[in-house]
$ cat my_file.csv   # CSV, C-alpha atoms
chain,number,residue,atom,x,y,z
A,115,SER,CA,0.0,0.0,0.0
A,116,SER,CA,1.0,3.6,-0.3
A,117,ALA,CA,0.9,4.0,3.4
A,118,ALA,CA,3.3,1.1,3.8
A,119,SER,CA,5.7,2.5,1.2
A,120,ASP,CA,5.6,5.9,2.9
A,121,VAL,CA,6.6,4.4,6.3
A,122,TYR,CA,9.3,2.3,4.6
A,123,LYS,CA,10.8,5.4,2.8
A,124,ARG,CA,10.7,7.8,5.8
A,125,GLN,CA,11.9,5.4,8.4
A,126,GLU,CA,10.0,7.2,11.2
A,127,TRP,CA,7.9,6.2,14.2
A,128,TYR,CA,4.2,5.9,13.6
A,129,GLN,CA,1.0,5.3,15.7
A,130,ALA,CA,-1.3,2.8,14.1
A,131,ASP,CA,-3.9,5.5,13.5
A,132,GLU,CA,-1.2,7.7,11.8
A,133,ILE,CA,-0.9,5.1,9.1
A,134,ASP,CA,-4.6,4.7,8.7
A,135,GLU,CA,-7.6,3.9,10.9
A,136,SER,CA,-8.1,0.8,8.9
A,137,PRO,CA,-6.6,-2.3,10.6
A,138,LEU,CA,-6.1,-3.8,7.2
A,139,ASN,CA,-3.7,-1.0,6.1
A,140,PHE,CA,-1.8,-1.4,9.4
A,141,VAL,CA,-1.4,-5.2,8.7
A,142,MET,CA,-0.4,-4.5,5.1
A,143,CYS,CA,2.3,-2.0,6.4
A,144,VAL,CA,3.7,-4.7,8.8
A,145,THR,CA,3.7,-7.2,6.0
A,146,HIS,CA,5.5,-4.8,3.7
A,147,CYS,CA,8.3,-4.5,6.3
A,148,ALA,CA,8.5,-8.2,6.9
A,149,LYS,CA,8.9,-9.0,3.2
A,150,ARG,CA,12.0,-6.7,3.2
A,151,GLU,CA,13.3,-8.1,6.5
A,152,ILE,CA,13.0,-4.7,8.1
A,153,PRO,CA,12.7,-5.1,11.9
A,154,VAL,CA,9.5,-3.5,13.3
A,155,LEU,CA,9.3,-2.5,16.9
A,156,PHE,CA,6.1,-2.1,19.0
A,157,ASN,CA,6.2,-0.4,22.4
A,158,TRP,CA,3.7,-0.3,25.1
A,159,GLN,CA,2.0,2.7,23.6
A,160,GLY,CA,1.4,0.8,20.3
A,161,THR,CA,4.1,2.7,18.4
A,162,MET,CA,5.7,1.2,15.4
A,163,GLY,CA,9.1,2.0,14.0
A,164,TYR,CA,12.4,0.8,12.6
A,165,GLU,CA,15.4,-0.5,14.5
A,166,THR,CA,17.9,1.9,12.9
A,167,GLN,CA,19.4,3.5,15.9
A,168,LEU,CA,22.7,5.2,15.2
A,169,PHE,CA,24.0,5.3,18.8
A,170,GLY,CA,24.4,1.8,20.3
A,171,GLY,CA,23.9,0.3,16.9
A,172,ASN,CA,25.9,-2.2,14.7
A,173,LEU,CA,28.0,-0.8,11.9
A,174,ASP,CA,27.1,-3.6,9.5
A,175,ASP,CA,23.4,-3.1,10.1
A,176,LEU,CA,23.7,0.7,9.8
A,177,ALA,CA,25.4,0.2,6.4
A,178,LEU,CA,22.2,-1.6,5.2
A,179,SER,CA,19.9,1.1,6.6
A,180,ALA,CA,18.2,3.4,4.1
A,181,HIS,CA,18.1,6.0,6.8
A,182,HIS,CA,21.7,6.0,7.9
A,183,SER,CA,23.7,4.7,4.8
A,184,HIS,CA,25.7,7.2,2.9
A,185,PRO,CA,27.8,7.1,-0.4
A,186,SER,CA,30.9,7.5,1.6
A,187,GLY,CA,30.4,4.1,3.2
A,188,ILE,CA,30.0,5.5,6.7
A,189,PRO,CA,26.7,6.6,8.5
A,190,GLY,CA,25.5,9.8,7.1
A,191,PHE,CA,25.4,11.8,10.3
A,192,ILE,CA,28.9,10.8,11.2
A,193,HIS,CA,30.0,11.9,7.7
A,194,THR,CA,28.4,15.2,8.4
A,195,ILE,CA,30.3,15.5,11.7
A,196,PHE,CA,33.6,14.8,9.8
A,197,GLN,CA,32.8,17.5,7.3
A,198,HIS,CA,32.0,20.1,9.9
A,199,LEU,CA,35.1,19.3,11.9
A,200,ARG,CA,37.2,19.8,8.8
A,201,GLU,CA,35.6,23.1,8.0
A,202,ARG,CA,35.7,24.7,11.5
A,203,GLY,CA,37.4,22.5,14.0
A,204,LEU,CA,40.8,21.1,13.2
A,205,ARG,CA,42.8,24.2,14.1
A,206,ILE,CA,41.2,24.6,17.5
A,207,GLU,CA,43.6,24.0,20.3
A,208,GLY,CA,42.9,20.8,22.2
A,209,ILE,CA,40.4,19.6,19.5
A,210,PHE,CA,38.9,16.2,20.6
A,211,ARG,CA,40.4,16.6,24.1
A,212,HIS,CA,37.7,18.9,25.5
A,213,SER,CA,34.2,17.7,26.2
A,214,GLY,CA,31.0,19.2,25.0
A,215,ALA,CA,27.8,20.0,27.0
A,216,LYS,CA,26.6,16.6,28.3
A,217,SER,CA,22.9,17.5,28.5
A,218,LEU,CA,22.9,18.8,24.9
A,219,ILE,CA,24.8,15.9,23.6
A,220,ASP,CA,22.4,13.4,25.2
A,221,ALA,CA,19.5,15.3,23.7
A,222,VAL,CA,21.1,15.3,20.2
A,223,MET,CA,21.8,11.5,20.4
A,224,SER,CA,18.3,10.8,21.5
A,225,ALA,CA,16.8,12.9,18.7
A,226,ILE,CA,19.0,11.1,16.1
A,227,ASN,CA,18.0,7.7,17.4
A,228,ARG,CA,14.3,8.8,17.1
A,229,GLY,CA,14.9,9.6,13.5
A,230,GLU,CA,14.7,13.4,14.0
A,231,SER,CA,16.8,15.9,12.1
A,232,VAL,CA,19.5,17.8,13.9
A,233,ASN,CA,21.1,21.1,12.7
A,234,VAL,CA,24.7,20.4,13.1
A,235,ASP,CA,25.5,24.1,12.4
A,236,GLU,CA,24.1,24.9,15.8
A,237,LEU,CA,26.4,22.6,17.7
A,238,HIS,CA,29.8,23.6,19.0
A,239,VAL,CA,32.9,21.8,17.7
A,240,HIS,CA,33.5,20.3,21.1
A,241,ASP,CA,29.9,18.9,21.1
A,242,LEU,CA,30.5,17.3,17.7
A,243,CYS,CA,33.8,15.7,18.9
A,244,SER,CA,32.0,14.3,22.0
A,245,ILE,CA,29.2,12.9,19.9
A,246,LEU,CA,31.7,11.2,17.6
A,247,LYS,CA,33.5,9.6,20.6
A,248,TYR,CA,30.2,8.5,22.1
A,249,PHE,CA,29.2,6.9,18.8
A,250,LEU,CA,32.4,4.9,18.6
A,251,ARG,CA,32.3,3.9,22.2
A,252,ASP,CA,28.7,2.7,22.1
A,253,LEU,CA,29.0,0.5,18.9
A,254,LYS,CA,27.8,-3.0,19.6
A,255,GLU,CA,30.8,-4.4,17.9
A,256,PRO,CA,33.9,-2.1,18.6
A,257,LEU,CA,35.5,-0.5,15.6
A,258,LEU,CA,38.6,-2.6,16.3
A,259,PRO,CA,37.1,-5.9,17.3
A,260,MET,CA,38.4,-8.4,19.9
A,261,SER,CA,39.2,-10.9,17.1
A,262,ILE,CA,42.3,-8.9,16.2
A,263,TYR,CA,43.0,-7.3,19.6
A,264,ASP,CA,45.9,-9.4,20.6
A,265,GLU,CA,47.5,-9.3,17.2
A,266,LEU,CA,47.3,-5.5,17.1
A,267,LEU,CA,48.9,-5.1,20.5
A,268,LYS,CA,51.7,-7.5,19.6
A,269,ILE,CA,52.8,-4.9,17.0
A,270,ASN,CA,54.0,-2.7,19.9
A,271,GLN,CA,54.8,-5.4,22.4
A,272,THR,CA,57.3,-7.1,20.0
A,273,GLY,CA,58.9,-3.8,19.0
A,274,MET,CA,58.1,-3.9,15.3
A,275,LYS,CA,59.6,-1.1,13.2
A,276,ALA,CA,57.1,1.5,12.0
A,277,GLU,CA,56.8,0.3,8.4
A,278,GLU,CA,56.6,-3.3,9.4
A,279,GLY,CA,54.0,-2.5,12.0
A,280,ALA,CA,51.9,-0.5,9.6
A,281,LEU,CA,51.9,-3.3,7.1
A,282,GLU,CA,50.8,-5.7,9.7
A,283,ILE,CA,47.9,-3.4,10.6
A,284,LYS,CA,47.0,-3.2,7.0
A,285,ARG,CA,46.9,-7.0,6.7
A,286,LEU,CA,44.8,-7.4,9.8
A,287,VAL,CA,42.3,-4.6,8.8
A,288,SER,CA,42.0,-6.0,5.2
A,289,ASN,CA,41.6,-9.6,6.2
A,290,TYR,CA,39.5,-9.4,9.4
A,291,LEU,CA,37.4,-6.3,9.4
A,292,SER,CA,34.0,-6.1,7.6
A,293,GLY,CA,33.6,-3.5,4.9
A,294,PRO,CA,31.7,-1.0,7.1
A,295,HIS,CA,34.4,-1.3,9.8
A,296,GLN,CA,37.2,-0.7,7.3
A,297,GLN,CA,35.4,2.3,5.8
A,298,LEU,CA,34.8,4.0,9.1
A,299,LEU,CA,38.3,3.2,10.4
A,300,SER,CA,39.8,4.7,7.3
A,301,HIS,CA,37.7,7.8,7.5
A,302,LEU,CA,38.5,8.3,11.1
A,303,ILE,CA,42.2,7.8,10.8
A,304,GLN,CA,42.3,10.1,7.8
A,305,LEU,CA,40.6,12.8,9.9
A,306,LEU,CA,43.1,12.3,12.7
A,307,ASN,CA,46.0,12.4,10.3
A,308,GLU,CA,44.7,15.7,9.0
A,309,THR,CA,44.4,16.9,12.6
A,310,PHE,CA,48.0,16.1,13.5
A,311,GLN,CA,49.2,17.8,10.4
A,312,LEU,CA,48.0,21.0,12.0
A,313,GLN,CA,49.5,20.2,15.4
A,314,ASP,CA,51.4,23.5,15.5
A,315,GLN,CA,48.0,25.2,15.8
A,316,ASN,CA,45.9,22.6,17.7
A,317,ARG,CA,48.6,21.1,19.9
A,318,MET,CA,47.4,17.6,19.1
A,319,SER,CA,50.2,15.2,18.3
A,320,PRO,CA,49.6,11.7,17.1
A,321,GLN,CA,50.2,10.5,20.6
A,322,ASN,CA,47.7,12.9,22.0
A,323,LEU,CA,45.1,11.9,19.5
A,324,ALA,CA,45.7,8.3,20.1
A,325,THR,CA,45.4,8.7,23.8
A,326,VAL,CA,41.9,10.3,23.3
A,327,PHE,CA,40.7,7.7,20.8
A,328,ALA,CA,42.1,4.4,21.9
A,329,PRO,CA,39.6,3.9,24.6
A,330,ASN,CA,36.8,4.6,22.1
A,331,VAL,CA,37.8,2.2,19.3
A,332,PHE,CA,38.8,-0.8,21.3
A,333,SER,CA,36.3,-3.0,23.1
A,334,GLN,CA,34.6,-1.7,26.2
A,335,GLN,CA,34.3,-5.2,27.5
A,336,ILE,CA,38.0,-5.5,28.5
A,337,GLU,CA,38.4,-5.5,32.3
A,338,ALA,CA,39.6,-2.3,33.8
A,339,ALA,CA,42.8,-3.7,35.1
A,340,GLN,CA,43.7,-5.3,31.8
A,341,CYS,CA,42.7,-2.2,29.9
A,342,LEU,CA,45.0,-0.1,32.0
A,343,LYS,CA,47.8,-2.6,31.5
A,344,ASP,CA,47.2,-2.5,27.7
A,345,LEU,CA,46.7,1.3,27.3
A,346,GLN,CA,50.3,2.0,26.3
A,347,HIS,CA,50.1,-0.6,23.5
A,348,GLN,CA,46.6,0.5,22.4
A,349,THR,CA,47.8,4.1,22.2
A,350,ALA,CA,51.0,3.2,20.3
A,351,VAL,CA,48.9,1.2,17.7
A,352,ILE,CA,46.5,4.1,17.0
A,353,SER,CA,49.4,6.6,16.8
A,354,LEU,CA,51.1,4.3,14.3
A,355,MET,CA,47.8,4.2,12.2
A,356,ILE,CA,47.6,8.0,12.3
A,357,THR,CA,51.2,8.6,11.2
A,358,ASN,CA,51.1,5.9,8.5
A,359,TYR,CA,47.6,6.6,7.2
A,360,ASN,CA,48.6,6.5,3.5
A,361,LEU,CA,50.6,3.3,3.8
A,362,ILE,CA,47.8,1.5,5.6
A,363,PHE,CA,44.7,2.8,4.0
A,364,VAL,CA,45.7,4.4,0.6
A,365,ASP,CA,48.7,2.7,-0.9
A,366,GLN,CA,48.0,-0.6,-2.6

$ encode --input "my_file.csv" --output "structure tokens"
Amino acid sequence: SSAASDVYKRQEWYQADEIDESPLNFVMCVTHCAKREIPVLFNWQGTMGYETQLFGGNLDDLALSAHHSHPSGIPGFIHTIFQHLRERGLRIEGIFRHSGAKSLIDAVMSAINRGESVNVDELHVHDLCSILKYFLRDLKEPLLPMSIYDELLKINQTGMKAEEGALEIKRLVSNYLSGPHQQLLSHLIQLLNETFQLQDQNRMSPQNLATVFAPNVFSQQIEAAQCLKDLQHQTAVISLMITNYNLIFVDQ
């Protein structure tokens, strides 16, 4: 039905009576979604919607979402954040190190997860940085999954030379990360590489950037004591990615 198609395209939340008062059209809408294997959620208020939450979501699922997918290969809202940071943030001293307004950030993330539009122009650079870090931290599957965690840390633990370590990262990323994870990791490291190129202005060296982002791209399930023990190696690996962006993600 046209009502079903409208819900499918807009990816918004609907009350049954917003679709149509006719139970038949409501059933047809649910059937339309089921045929396309789109998850439909019902809450206690009888609301219907799509499981396309950006924050707390799965990258592979987001890549298949009509609402969140983007030609860049990363979620559209995250791509917008990257654009705005490039345009007005990379020269700011302490970029990524300072936190934004927590209440505002929570409101923005909730709005995005409800499918609402957010005017990024109205958000401060520090708010955008914090939103990006929350997005990475809350992924169901971390950007750098546990399946390659030990191998990544060995690069620093065994004292590999920079080029050798960078090529090992390239191998692990290419062979063991899904397409959406590879795309987001590449975009993120490119942004951090561009940031460190301006370190005379922003005071953010590769080490500083790695210190900020390592806790957000590795698993949150690692025990605190182990994470503290591994932090030096985590930071060294991310720093190596930043300084060798072209070798890992561009050069073939």

$ atom_distance --input "my_file.csv" --atom1 "atom CA of Asn316 of chain A" --atom2 "atom CA of Val239 of chain A"
13.0 Å

$ residues_around --input "my_file.csv" --residues "His240 of chain A" --least-positions-apart "2" --cutoff "6 Å" --atoms "all atoms listed in the file" --output "list in words"
Ser213, Gly214, His238, Leu242 and Cys243 of chain A

$ closest_atom_pairs --input "my_file.csv" --of "segment 223-261 of chain A" --to "segment 190-198 of chain A" --cutoff "12 Å" --atoms "all atoms listed in the file" --output "CSV"
residue,atom,partner,partner_atom,distance
A:Met223,CA,A:Phe191,CA,10.7
A:Ile226,CA,A:Phe191,CA,8.7
A:Asn227,CA,A:Phe191,CA,11.0
A:Gly229,CA,A:Phe191,CA,11.2
A:Glu230,CA,A:Phe191,CA,11.4
A:Ser231,CA,A:Phe191,CA,9.7
A:Val232,CA,A:Phe191,CA,9.2
A:Asn233,CA,A:Thr194,CA,10.3
A:Val234,CA,A:Ile195,CA,7.6
A:Asp235,CA,A:His198,CA,8.0
A:Glu236,CA,A:His198,CA,11.0
A:Leu237,CA,A:His198,CA,9.9
A:His238,CA,A:His198,CA,10.0
A:Val239,CA,A:His198,CA,8.0
A:His240,CA,A:Ile195,CA,11.0
A:Asp241,CA,A:Ile195,CA,10.0
A:Leu242,CA,A:Ile195,CA,6.3
A:Cys243,CA,A:Ile195,CA,8.0
A:Ser244,CA,A:Ile195,CA,10.5
A:Ile245,CA,A:Ile195,CA,8.7
A:Leu246,CA,A:Ile192,CA,7.0
A:Lys247,CA,A:Ile192,CA,10.5
A:Tyr248,CA,A:Ile192,CA,11.2
A:Phe249,CA,A:Ile192,CA,8.5
A:Leu250,CA,A:Ile192,CA,10.1

$ residues_around --input "my_file.csv" --residues "Gln334 of chain A" --least-positions-apart "2" --cutoff "8 Å" --atoms "all atoms listed in the file" --output "PyMOL selection string"
chain A and resi 251+256+329-330+332+336

$ closest_residue --input "my_file.csv" --among "A:Ala328, A:Ala338, A:Ala276, A:Ile206" --to "Leu361 of chain A" --atoms "all atoms listed in the file"
A:Ala276

$ atom_distance --input "my_file.csv" --atom1 "atom CA of Ile262 of chain A" --atom2 "atom CA of Ile209 of chain A"
28.8 Å

$ atom_distance --input "my_file.csv" --atom1 "atom CA of Leu298 of chain A" --atom2 "atom CA of Ile188 of chain A"
5.6 Å

$ residues_around --input "my_file.csv" --residues "Ala280 of chain A" --least-positions-apart "4" --cutoff "7 Å" --atoms "only C-alpha atoms" --output "list in words"
Ala276, Lys284, Leu354, Met355, Asn358 and Ile362 of chain A

$ closest_residue --input "my_file.csv" --among "A:Ile269, A:Ala350, A:Ala324, A:Met274" --to "Ile303 of chain A" --atoms "all atoms listed in the file"
A:Ala324

$ axis_aligned_box --input "my_file.csv" --around "segment 303-321 of chain A" --padding-each-side "4 Å" --output "JSON"
{"center_x": 46.0, "center_y": 16.5, "center_z": 14.2, "size_x": 18.8, "size_y": 25.4, "size_z": 20.8}

$ closest_residue --input "my_file.csv" --among "A:Leu345, A:Ser300, A:Asp365, A:Gln271" --to "Ser186 of chain A" --atoms "all atoms listed in the file"
A:Ser300

$ residues_around --input "my_file.csv" --residues "Asn172 of chain A" --least-positions-apart "4" --cutoff "7 Å" --atoms "all atoms listed in the file" --output "list in words"
Leu176, Leu253, Lys254 and Glu255 of chain A

$ closest_residue --input "my_file.csv" --among "A:Arg205, A:His212, A:His184, A:Arg228" --to "Leu168 of chain A" --atoms "all atoms listed in the file"
A:Arg228

$ closest_residue --input "my_file.csv" --among "A:His347, A:Arg317, A:Gln167, A:Ile356" --to "Leu267 of chain A" --atoms "all atoms listed in the file"
A:His347
